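Structure first, commentary second.
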Amino acid sequence: MTDSCEQAAAGAFAEALKQRECRRVLRATYVDAKQRYAVTTGIAVLPSKEAALAVDRTKNLSGNLWFRGLNGDTGSGADRVAISGGYAAGMVWGRYIVFSYATYADGHTPTTKEQDLGPVSGAFRDHTAEVIGKRVTD
């Protein structure tokens, strides 16, 4: 968890989090039992829905200007998340930005034939959003 939201992101997206007064980013990285996938998922807390939407519009997924993957310890299967190619999924829910980034635990960038990261990332995003749905009414 960090109150310096820009430290959890990159480029213009990081600057937008700061300018729009992001209050906190909570993120964690999970690795499956077979150490095939590593997924960083989290929530950014902004002061309003308008601020969250404005920040979200600054993302550039193809330029990797969004939230950064959170590395784990060496040998954990999550030690290359921040430098690995992968698949991002996100959504704005009220004043929150819910996000996930799925990679392969071995750090390789997915090929065009490898289509499994999208559903993994989307499932993590959706599960994280469910947590908000249970606690927040907007």
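Following the order of the structure tokens, chains are lettered A, B, ..., residues in each are numbered from 1, and ligands are numbered from 1.
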
For the interface of range 88-134 of chain A with range 43-55 of chain A (cut-off 8 Å, counting only C-alpha atoms), please tabulate each contacting residue of range 88-134 of chain A alongside its nearest pair of atoms and their separation in Å to one decimal, rows sorted by chain and increasing number, as a tab-separated table.
```
residue	atom	partner	partner_atom	distance
A:Val92	CA	A:Ala52	CA	6.6
A:Trp93	CA	A:Lys49	CA	7.6
A:Gly94	CA	A:Lys49	CA	4.7
A:Arg95	CA	A:Lys49	CA	4.0
A:Tyr96	CA	A:Val45	CA	4.9
A:Ile97	CA	A:Ala44	CA	5.1
A:Val98	CA	A:Ile43	CA	4.6
A:Phe99	CA	A:Ile43	CA	6.3
A:Thr128	CA	A:Ile43	CA	7.8
```

Where in range 8-129 of chain A does DSSP assign strand (DSSP E), given as a count of residues only?
34

Find, counting only C-alpha atoms, the residue in A:Arg125, A:Met91, A:Ser4, A:Gln35 that gets nearest to Arg23 in chain A.
A:Ser4

Which residue out of A:Tyr101, A:Glu21, A:Ala129, A:Gly85 has the minimum interatomic distance to Glu114 in chain A when only C-alpha atoms are used?
A:Gly85

Please provide as JSON, numbers by chain all residues within 8 Å of range 63-75 of chain A, with the sequence filter that same-chain residues fewer than 2 positions apart are discarded (counting only C-alpha atoms).
{"A": [8, 9, 10, 11, 12, 13, 14, 27, 28, 29, 39, 40, 59, 60, 61, 77, 78, 79, 80, 81, 82, 83, 99, 101]}

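Nearest residue to Leu117 in chain A, choosing from A:Glu15, A:Thr58, A:Ala89, A:Ala102 and counting only C-alpha atoms: A:Ala102.
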